[in-house]
There are 2 protein chains.
Amino acid sequence: MSEPLSDSALDTIFRTARSYNGYTDRAVGEDQLHAIWELMKWGPTSANQLPARLVWCTGDDAKAKLAACVSETNRPKILSAPVSVVIAMDVEFHEHLPELFPHTNAKAWFDGNTELRAASAFRNSTLQGAYFIIAARALGLDTGPMSGFDQGAVDKAFFADQPGVRSNFIATLGYGDPASVYDRLPRPGFDRFNTIA
Amino acid sequence: MSEPLSDSALDTIFRTARSYNGYTDRAVGEDQLHAIWELMKWGPTSANQLPARLVWCTGDDAKAKLAACVSETNRPKILSAPVSVVIAMDVEFHEHLPELFPHTNAKAWFDGNTELRAASAFRNSTLQGAYFIIAARALGLDTGPMSGFDQGAVDKAFFADQPGVRSNFIATLGYGDPASVYDRLPRPGFDRFNTIA
(Lines give C-alpha, C1' and ligand atoms only; values in the text may rest on other atoms or scores of the structure.)
Protein backbone atom coordinates (compact mmCIF):
# COMPACT_ATOMS: atom_id res chain seq x y z
CA MET A 1 0.00 0.00 0.00
CA SER A 2 0.94 3.64 -0.46
CA GLU A 3 0.11 6.83 1.39
CA PRO A 4 -3.12 8.44 0.17
CA LEU A 5 -2.65 11.58 -1.91
CA SER A 6 -3.03 15.02 -0.32
CA ASP A 7 -6.35 16.84 -0.66
CA SER A 8 -4.72 19.27 -3.04
CA ALA A 9 -3.43 16.44 -5.27
CA LEU A 10 -6.90 14.82 -5.30
CA ASP A 11 -8.31 18.18 -6.40
CA THR A 12 -5.72 18.45 -9.19
CA ILE A 13 -6.41 15.05 -10.75
CA PHE A 14 -10.15 14.75 -10.03
CA ARG A 15 -12.17 17.16 -7.93
CA THR A 16 -11.39 20.61 -9.30
CA ALA A 17 -9.95 19.50 -12.67
CA ARG A 18 -12.08 20.50 -15.65
CA SER A 19 -12.23 19.86 -19.39
CA TYR A 20 -11.08 23.05 -21.11
CA ASN A 21 -12.33 24.62 -24.32
CA GLY A 22 -9.50 27.18 -24.50
CA TYR A 23 -5.97 27.66 -23.22
CA THR A 24 -3.60 30.42 -22.16
CA ASP A 25 -0.65 31.38 -24.37
CA ARG A 26 1.77 29.42 -22.22
CA ALA A 27 3.67 27.01 -24.46
CA VAL A 28 3.87 23.26 -24.00
CA GLY A 29 7.26 21.78 -24.87
CA GLU A 30 8.09 18.40 -26.36
CA ASP A 31 9.74 17.47 -23.06
CA GLN A 32 6.30 17.75 -21.45
CA LEU A 33 4.76 15.39 -24.02
CA HIS A 34 7.50 12.89 -23.19
CA ALA A 35 6.84 13.41 -19.46
CA ILE A 36 3.12 12.62 -19.95
CA TRP A 37 4.03 9.38 -21.76
CA GLU A 38 6.57 8.45 -19.09
CA LEU A 39 3.72 8.51 -16.54
CA MET A 40 0.81 7.15 -18.55
CA LYS A 41 2.80 4.19 -19.86
CA TRP A 42 2.74 2.66 -16.36
CA GLY A 43 -1.06 2.42 -16.26
CA PRO A 44 -2.22 -1.19 -16.60
CA THR A 45 -3.51 -2.72 -19.84
CA SER A 46 -4.64 -6.29 -20.33
CA ALA A 47 -1.60 -8.53 -21.02
CA ASN A 48 0.44 -5.33 -21.33
CA GLN A 49 -1.10 -4.76 -24.77
CA LEU A 50 -0.35 -1.02 -24.82
CA PRO A 51 -2.45 -0.65 -28.00
CA ALA A 52 -2.67 3.17 -27.91
CA ARG A 53 -0.88 5.10 -30.64
CA LEU A 54 -0.70 8.84 -30.01
CA VAL A 55 -0.17 11.61 -32.52
CA TRP A 56 0.68 14.89 -30.80
CA CYS A 57 -0.17 17.72 -33.23
CA THR A 58 2.04 20.66 -32.31
CA GLY A 59 2.48 22.24 -35.75
CA ASP A 60 -0.08 24.39 -37.56
CA ASP A 61 -0.27 21.99 -40.51
CA ALA A 62 -1.05 18.99 -38.32
CA LYS A 63 -3.67 20.93 -36.33
CA ALA A 64 -5.30 22.11 -39.58
CA LYS A 65 -5.36 18.54 -40.88
CA LEU A 66 -7.08 17.39 -37.69
CA ALA A 67 -9.43 20.39 -37.54
CA ALA A 68 -10.71 19.52 -41.03
CA CYS A 69 -12.04 16.23 -39.59
CA VAL A 70 -13.91 17.55 -36.53
CA SER A 71 -17.34 19.05 -35.85
CA GLU A 72 -17.74 22.79 -36.39
CA THR A 73 -17.92 23.40 -32.62
CA ASN A 74 -14.66 21.58 -32.04
CA ARG A 75 -12.69 23.11 -34.96
CA PRO A 76 -11.54 26.35 -33.26
CA LYS A 77 -10.54 24.42 -30.12
CA ILE A 78 -8.25 22.13 -32.14
CA LEU A 79 -6.70 25.02 -34.07
CA SER A 80 -6.01 27.26 -31.07
CA ALA A 81 -4.79 24.73 -28.48
CA PRO A 82 -1.02 24.50 -27.88
CA VAL A 83 -1.24 20.76 -28.68
CA SER A 84 -4.05 18.63 -30.12
CA VAL A 85 -3.72 14.90 -29.63
CA VAL A 86 -5.15 11.93 -31.54
CA ILE A 87 -5.50 8.91 -29.26
CA ALA A 88 -5.62 5.98 -31.67
CA MET A 89 -5.41 2.19 -31.34
CA ASP A 90 -3.49 -0.49 -33.20
CA VAL A 91 -5.61 -3.59 -33.82
CA GLU A 92 -2.34 -5.35 -34.74
CA PHE A 93 -1.02 -4.76 -31.19
CA HIS A 94 -0.58 -8.53 -30.77
CA GLU A 95 2.49 -8.39 -33.03
CA HIS A 96 4.30 -6.61 -30.16
CA LEU A 97 3.29 -9.09 -27.43
CA PRO A 98 6.36 -11.36 -27.78
CA GLU A 99 8.29 -8.34 -26.49
CA LEU A 100 5.70 -6.73 -24.19
CA PHE A 101 4.41 -9.96 -22.57
CA PRO A 102 7.39 -12.24 -23.06
CA HIS A 103 6.77 -15.07 -20.58
CA THR A 104 4.07 -16.79 -22.65
CA ASN A 105 2.81 -16.88 -26.23
CA ALA A 106 0.15 -14.20 -25.78
CA LYS A 107 0.26 -13.36 -29.48
CA ALA A 108 -1.39 -16.73 -30.16
CA TRP A 109 -4.47 -15.68 -28.11
CA PHE A 110 -5.16 -12.99 -30.70
CA ASP A 111 -3.88 -14.47 -33.99
CA GLY A 112 -6.77 -14.71 -36.43
CA ASN A 113 -9.33 -13.34 -33.96
CA THR A 114 -10.07 -9.88 -35.35
CA GLU A 115 -13.17 -9.41 -33.18
CA LEU A 116 -11.23 -10.03 -29.94
CA ARG A 117 -8.42 -7.76 -31.17
CA ALA A 118 -10.84 -4.93 -32.02
CA ALA A 119 -12.54 -5.10 -28.59
CA SER A 120 -9.21 -5.41 -26.75
CA ALA A 121 -7.63 -2.52 -28.65
CA PHE A 122 -10.69 -0.34 -28.03
CA ARG A 123 -10.90 -1.11 -24.30
CA ASN A 124 -7.20 -0.88 -23.56
CA SER A 125 -6.43 2.20 -25.68
CA THR A 126 -9.35 3.91 -23.92
CA LEU A 127 -7.84 3.03 -20.54
CA GLN A 128 -4.62 4.61 -21.84
CA GLY A 129 -6.61 7.66 -22.96
CA ALA A 130 -7.84 8.10 -19.39
CA TYR A 131 -4.27 7.68 -18.10
CA PHE A 132 -3.26 10.42 -20.57
CA ILE A 133 -5.89 12.79 -19.12
CA ILE A 134 -4.87 12.08 -15.51
CA ALA A 135 -1.12 12.17 -16.25
CA ALA A 136 -1.46 15.58 -17.94
CA ARG A 137 -3.37 16.91 -14.93
CA ALA A 138 -0.82 15.40 -12.53
CA LEU A 139 1.88 17.43 -14.31
CA GLY A 140 -0.10 20.68 -14.00
CA LEU A 141 -1.53 20.62 -17.52
CA ASP A 142 -5.15 20.53 -18.68
CA THR A 143 -6.97 18.64 -21.43
CA GLY A 144 -10.15 18.89 -23.48
CA PRO A 145 -11.19 15.38 -24.62
CA MET A 146 -13.65 15.15 -27.55
CA SER A 147 -15.42 12.49 -29.55
CA GLY A 148 -17.15 14.84 -32.00
CA PHE A 149 -15.12 14.04 -35.12
CA ASP A 150 -15.19 11.94 -38.28
CA GLN A 151 -13.26 8.78 -37.39
CA GLY A 152 -12.85 7.66 -41.00
CA ALA A 153 -11.55 11.08 -42.05
CA VAL A 154 -9.01 11.18 -39.21
CA ASP A 155 -7.83 7.67 -40.05
CA LYS A 156 -7.42 8.63 -43.71
CA ALA A 157 -5.60 11.86 -42.84
CA PHE A 158 -3.24 10.41 -40.23
CA PHE A 159 -3.04 6.63 -40.63
CA ALA A 160 -3.43 5.96 -44.36
CA ASP A 161 -0.16 4.01 -44.33
CA GLN A 162 -1.08 2.04 -41.18
CA PRO A 163 -4.24 0.04 -41.93
CA GLY A 164 -4.31 -1.48 -38.42
CA VAL A 165 -4.46 1.93 -36.70
CA ARG A 166 -7.84 3.60 -36.00
CA SER A 167 -8.63 6.77 -34.09
CA ASN A 168 -10.40 6.39 -30.73
CA PHE A 169 -10.82 9.93 -29.38
CA ILE A 170 -9.07 13.28 -29.59
CA ALA A 171 -8.08 15.89 -27.02
CA THR A 172 -6.60 19.32 -26.71
CA LEU A 173 -3.74 19.95 -24.27
CA GLY A 174 -2.30 23.06 -22.65
CA TYR A 175 -2.68 25.34 -19.65
CA GLY A 176 -6.44 25.81 -19.39
CA ASP A 177 -8.04 29.25 -19.58
CA PRO A 178 -10.57 29.34 -16.71
CA ALA A 179 -12.81 31.63 -18.82
CA SER A 180 -13.28 28.77 -21.32
CA VAL A 181 -15.02 26.26 -19.06
CA TYR A 182 -18.78 25.76 -18.87
CA ASP A 183 -20.84 25.30 -15.73
CA ARG A 184 -20.08 22.03 -14.07
CA LEU A 185 -22.43 19.18 -14.96
CA PRO A 186 -24.14 17.08 -12.26
CA ARG A 187 -22.42 14.02 -10.78
CA PRO A 188 -24.83 11.76 -8.90
CA GLY A 189 -23.96 10.20 -5.54
CA PHE A 190 -22.92 6.60 -5.01
CA ASP A 191 -26.38 5.02 -4.85
CA ARG A 192 -27.44 6.03 -8.36
CA PHE A 193 -24.98 3.94 -10.40
CA ASN A 194 -23.40 1.64 -7.81
CA THR A 195 -24.53 -1.51 -6.01
CA ILE A 196 -22.91 -3.27 -3.07
CA ALA A 197 -23.46 -7.04 -3.29
CA MET B 1 -3.55 25.34 -14.13
CA SER B 2 -2.68 23.49 -10.94
CA GLU B 3 0.52 22.65 -9.15
CA PRO B 4 2.12 19.42 -10.42
CA LEU B 5 1.83 16.48 -8.04
CA SER B 6 4.75 15.53 -5.79
CA ASP B 7 7.11 12.76 -6.90
CA SER B 8 5.67 10.52 -4.22
CA ALA B 9 2.10 11.11 -5.47
CA LEU B 10 3.18 10.37 -9.07
CA ASP B 11 4.70 7.12 -7.80
CA THR B 12 1.47 6.21 -5.99
CA ILE B 13 -0.86 6.66 -8.96
CA PHE B 14 1.50 5.60 -11.79
CA ARG B 15 5.17 4.81 -11.37
CA THR B 16 5.38 2.34 -8.51
CA ALA B 17 1.72 1.26 -8.53
CA ARG B 18 1.17 -2.35 -9.58
CA SER B 19 -1.69 -4.68 -10.42
CA TYR B 20 -2.05 -7.11 -7.52
CA ASN B 21 -2.93 -10.79 -7.55
CA GLY B 22 -3.40 -10.99 -3.77
CA TYR B 23 -4.13 -8.74 -0.82
CA THR B 24 -3.37 -8.42 2.88
CA ASP B 25 -6.06 -9.14 5.50
CA ARG B 26 -6.71 -5.43 6.00
CA ALA B 27 -10.43 -4.81 5.50
CA VAL B 28 -11.92 -2.35 3.03
CA GLY B 29 -15.03 -0.58 4.36
CA GLU B 30 -18.11 0.61 2.47
CA ASP B 31 -17.06 4.19 3.24
CA GLN B 32 -13.96 3.56 1.11
CA LEU B 33 -16.06 2.35 -1.83
CA HIS B 34 -18.06 5.56 -1.56
CA ALA B 35 -14.83 7.58 -1.38
CA ILE B 36 -13.57 5.97 -4.61
CA TRP B 37 -16.84 6.87 -6.38
CA GLU B 38 -16.72 10.43 -5.01
CA LEU B 39 -13.36 10.86 -6.77
CA MET B 40 -13.88 8.86 -9.96
CA LYS B 41 -17.24 10.48 -10.72
CA TRP B 42 -15.41 13.75 -11.56
CA GLY B 43 -13.43 12.19 -14.42
CA PRO B 44 -14.73 13.40 -17.79
CA THR B 45 -17.06 11.36 -20.02
CA SER B 46 -18.45 12.45 -23.38
CA ALA B 47 -21.57 14.59 -22.83
CA ASN B 48 -21.41 13.56 -19.16
CA GLN B 49 -22.76 10.14 -20.12
CA LEU B 50 -21.48 8.40 -16.99
CA PRO B 51 -22.47 5.01 -18.46
CA ALA B 52 -20.52 2.88 -15.94
CA ARG B 53 -22.52 0.75 -13.53
CA LEU B 54 -20.44 -0.78 -10.75
CA VAL B 55 -21.23 -3.81 -8.63
CA TRP B 56 -18.95 -4.00 -5.60
CA CYS B 57 -18.91 -7.63 -4.42
CA THR B 58 -18.07 -7.58 -0.72
CA GLY B 59 -20.03 -10.65 0.45
CA ASP B 60 -18.96 -14.27 -0.01
CA ASP B 61 -22.08 -15.10 -2.06
CA ALA B 62 -21.48 -12.30 -4.54
CA LYS B 63 -17.80 -13.17 -4.88
CA ALA B 64 -18.69 -16.84 -5.47
CA LYS B 65 -21.23 -15.82 -8.12
CA LEU B 66 -18.58 -13.76 -9.90
CA ALA B 67 -15.85 -16.39 -9.45
CA ALA B 68 -18.05 -18.94 -11.23
CA CYS B 69 -17.82 -16.75 -14.39
CA VAL B 70 -14.06 -16.19 -14.56
CA SER B 71 -11.06 -18.11 -15.87
CA GLU B 72 -9.50 -20.71 -13.59
CA THR B 73 -6.44 -18.50 -13.00
CA ASN B 74 -8.62 -15.60 -11.91
CA ARG B 75 -11.02 -17.56 -9.68
CA PRO B 76 -8.92 -17.62 -6.46
CA LYS B 77 -8.12 -13.91 -6.86
CA ILE B 78 -11.83 -13.02 -7.00
CA LEU B 79 -12.68 -15.23 -4.01
CA SER B 80 -9.88 -14.04 -1.73
CA ALA B 81 -9.85 -10.28 -2.43
CA PRO B 82 -11.53 -8.00 0.14
CA VAL B 83 -13.70 -6.61 -2.69
CA SER B 84 -14.23 -7.76 -6.29
CA VAL B 85 -15.78 -5.22 -8.63
CA VAL B 86 -17.74 -5.59 -11.87
CA ILE B 87 -17.33 -2.51 -14.05
CA ALA B 88 -20.33 -2.64 -16.37
CA MET B 89 -21.94 -0.24 -18.84
CA ASP B 90 -25.53 0.80 -19.49
CA VAL B 91 -26.26 1.10 -23.22
CA GLU B 92 -29.48 2.91 -22.19
CA PHE B 93 -27.38 5.68 -20.57
CA HIS B 94 -29.05 8.25 -22.85
CA GLU B 95 -32.23 8.02 -20.75
CA HIS B 96 -30.32 9.86 -18.00
CA LEU B 97 -28.98 12.68 -20.22
CA PRO B 98 -31.90 15.09 -19.68
CA GLU B 99 -30.65 15.24 -16.09
CA LEU B 100 -26.88 14.76 -16.62
CA PHE B 101 -26.51 17.06 -19.67
CA PRO B 102 -29.52 19.35 -19.18
CA HIS B 103 -28.72 22.34 -21.41
CA THR B 104 -29.55 20.60 -24.70
CA ASN B 105 -31.47 17.56 -25.92
CA ALA B 106 -28.49 15.18 -25.92
CA LYS B 107 -30.82 12.20 -25.54
CA ALA B 108 -31.96 12.80 -29.11
CA TRP B 109 -28.39 12.23 -30.41
CA PHE B 110 -28.63 8.63 -29.22
CA ASP B 111 -32.33 7.73 -29.60
CA GLY B 112 -32.68 4.82 -32.03
CA ASN B 113 -28.90 4.63 -32.68
CA THR B 114 -27.91 1.43 -30.90
CA GLU B 115 -24.51 1.25 -32.60
CA LEU B 116 -23.51 4.73 -31.40
CA ARG B 117 -24.83 3.94 -27.92
CA ALA B 118 -22.85 0.68 -27.73
CA ALA B 119 -19.58 2.38 -28.79
CA SER B 120 -20.16 5.37 -26.49
CA ALA B 121 -21.04 3.18 -23.49
CA PHE B 122 -17.96 1.02 -24.11
CA ARG B 123 -15.56 3.97 -24.52
CA ASN B 124 -16.88 6.05 -21.65
CA SER B 125 -17.39 3.24 -19.13
CA THR B 126 -13.80 2.19 -19.87
CA LEU B 127 -12.59 5.73 -19.14
CA GLN B 128 -14.50 5.45 -15.85
CA GLY B 129 -12.84 2.07 -15.23
CA ALA B 130 -9.45 3.77 -15.51
CA TYR B 131 -10.62 6.53 -13.17
CA PHE B 132 -11.63 3.78 -10.72
CA ILE B 133 -8.11 2.29 -10.83
CA ILE B 134 -6.42 5.67 -10.32
CA ALA B 135 -8.90 6.84 -7.66
CA ALA B 136 -8.35 3.65 -5.65
CA ARG B 137 -4.59 4.14 -5.83
CA ALA B 138 -4.92 7.80 -4.90
CA LEU B 139 -6.69 6.69 -1.70
CA GLY B 140 -3.91 4.23 -0.82
CA LEU B 141 -5.69 1.13 -2.14
CA ASP B 142 -4.64 -1.30 -4.87
CA THR B 143 -6.49 -3.03 -7.70
CA GLY B 144 -6.15 -6.07 -9.94
CA PRO B 145 -8.02 -5.43 -13.22
CA MET B 146 -8.90 -8.47 -15.36
CA SER B 147 -10.62 -9.24 -18.62
CA GLY B 148 -10.36 -13.04 -18.41
CA PHE B 149 -14.03 -13.84 -17.75
CA ASP B 150 -17.21 -14.93 -19.52
CA GLN B 151 -19.05 -11.71 -20.28
CA GLY B 152 -22.35 -13.41 -21.06
CA ALA B 153 -22.22 -15.42 -17.82
CA VAL B 154 -21.50 -12.32 -15.71
CA ASP B 155 -24.34 -10.45 -17.40
CA LYS B 156 -26.72 -13.34 -16.73
CA ALA B 157 -25.57 -13.66 -13.11
CA PHE B 158 -25.64 -9.95 -12.24
CA PHE B 159 -27.78 -8.07 -14.77
CA ALA B 160 -30.53 -10.50 -15.80
CA ASP B 161 -33.15 -7.89 -14.84
CA GLN B 162 -31.32 -5.03 -16.64
CA PRO B 163 -31.11 -5.93 -20.34
CA GLY B 164 -29.24 -2.68 -21.16
CA VAL B 165 -26.38 -3.42 -18.77
CA ARG B 166 -23.33 -5.39 -19.95
CA SER B 167 -20.09 -6.16 -18.15
CA ASN B 168 -16.92 -4.42 -19.41
CA PHE B 169 -14.13 -5.61 -17.13
CA ILE B 170 -13.66 -6.77 -13.56
CA ALA B 171 -11.15 -5.93 -10.83
CA THR B 172 -10.14 -6.93 -7.35
CA LEU B 173 -9.63 -4.22 -4.70
CA GLY B 174 -7.80 -4.14 -1.39
CA TYR B 175 -4.42 -3.48 0.18
CA GLY B 176 -2.02 -5.25 -2.14
CA ASP B 177 0.28 -8.01 -0.91
CA PRO B 178 3.73 -7.24 -2.41
CA ALA B 179 4.46 -10.98 -2.57
CA SER B 180 1.62 -11.40 -5.09
CA VAL B 181 2.99 -9.24 -7.92
CA TYR B 182 4.88 -10.57 -10.93
CA ASP B 183 8.00 -9.08 -12.46
CA ARG B 184 7.27 -5.75 -14.08
CA LEU B 185 6.57 -5.92 -17.81
CA PRO B 186 8.40 -3.68 -20.29
CA ARG B 187 7.14 -0.18 -21.09
CA PRO B 188 8.72 1.26 -24.23
CA GLY B 189 9.92 4.85 -24.44
CA PHE B 190 8.09 7.69 -26.18
CA ASP B 191 9.31 7.05 -29.71
CA ARG B 192 7.86 3.57 -30.03
CA PHE B 193 4.14 4.40 -29.93
CA ASN B 194 4.07 8.21 -30.20
CA THR B 195 4.50 10.67 -33.07
CA ILE B 196 4.92 14.43 -32.92
CA ALA B 197 3.33 16.11 -35.95
# chains A, B, ... in the order shown; residues from 1 in each chain; ligands from 1

call {"tool": "select_by_dssp", "arguments": {"residues": "region 4-194 of chain A", "states": "helix (DSSP H, G or I)", "output": "NGL selection string"}}
result
:A and (7-15 or 30-40 or 46-48 or 60-67 or 75-80 or 93-100 or 107-110 or 114-138 or 151-158 or 178-180 or 190-193)

call {"tool": "select_by_dssp", "arguments": {"residues": "region 10-166 of chain A", "states": "strand (DSSP E or B)", "output": "list of chain:residue names"}}
result
A:Tyr23, A:Ala52, A:Arg53, A:Leu54, A:Val55, A:Trp56, A:Cys57, A:Val70, A:Val83, A:Ser84, A:Val85, A:Val86, A:Ile87, A:Ala88, A:Met89, A:Asp90, A:Asp142, A:Thr143, A:Gly144, A:Pro145, A:Met146, A:Phe149, A:Val165, A:Arg166

call {"tool": "closest_residue", "arguments": {"among": "B:Lys156, B:Gly164, B:Ala135, B:Ala106", "to": "Asp11 (chain A)", "atoms": "only C-alpha atoms"}}
result
B:Ala135

call {"tool": "closest_residue", "arguments": {"among": "A:Ser125, A:Ser80, A:Ser167, A:Ser120", "to": "Tyr20 (chain A)", "atoms": "only C-alpha atoms"}}
result
A:Ser80

call {"tool": "residues_around", "arguments": {"residues": "Pro102 (chain B)", "least_positions_apart": "4", "cutoff": "10 Å", "atoms": "only C-alpha atoms", "output": "list in words"}}
result
Leu185 and Pro186 of chain A; Ala47, Asn48, His96, Leu97, Pro98, Ala106 and Lys107 of chain B

call {"tool": "closest_residue", "arguments": {"among": "A:Met40, A:Ser147, A:Phe101, A:Thr24", "to": "Asp183 (chain B)", "atoms": "only C-alpha atoms"}}
result
A:Phe101

call {"tool": "atom_distance", "arguments": {"atom1": "CA of Pro82 (chain B)", "atom2": "CA of Asp150 (chain B)"}}
result
21.6 Å

call {"tool": "residues_around", "arguments": {"residues": "Pro188 (chain B)", "least_positions_apart": "2", "cutoff": "12 Å", "atoms": "only C-alpha atoms", "output": "PyMOL selection string"}}
result
(chain A and resi 34+37-42+48-51+96+99-100) or (chain B and resi 185-186+190-194)

call {"tool": "atom_distance", "arguments": {"atom1": "CA of Ser84 (chain B)", "atom2": "CA of Asn124 (chain A)"}}
result
19.9 Å

call {"tool": "residues_around", "arguments": {"residues": "Cys57 (chain A)", "least_positions_apart": "4", "cutoff": "7 Å", "atoms": "only C-alpha atoms", "output": "list in words"}}
result
Ala62, Lys63, Val83, Ser84 and Val85 of chain A; Ile196 and Ala197 of chain B

call {"tool": "residues_around", "arguments": {"residues": "Ser71 (chain B)", "least_positions_apart": "6", "cutoff": "12 Å", "atoms": "only C-alpha atoms", "output": "list in words"}}
result
Lys77, Ile78, Met146, Ser147, Gly148, Phe149, Asp150, Gln151, Ala153, Val154 and Ile170 of chain B

call {"tool": "closest_residue", "arguments": {"among": "B:Leu66, B:Val28, B:Val91, B:Ala179", "to": "Glu115 (chain B)", "atoms": "only C-alpha atoms"}}
result
B:Val91

call {"tool": "closest_residue", "arguments": {"among": "B:Arg123, B:His94, B:Arg75, B:Arg166", "to": "chain A", "atoms": "only C-alpha atoms"}}
result
B:Arg123

call {"tool": "atom_distance", "arguments": {"atom1": "CA of Ser6 (chain A)", "atom2": "CA of Ala27 (chain B)"}}
result
21.9 Å

call {"tool": "closest_residue", "arguments": {"among": "B:Ile87, B:Ala171, B:Leu79, B:Ala138", "to": "chain A", "atoms": "only C-alpha atoms"}}
result
B:Ala138
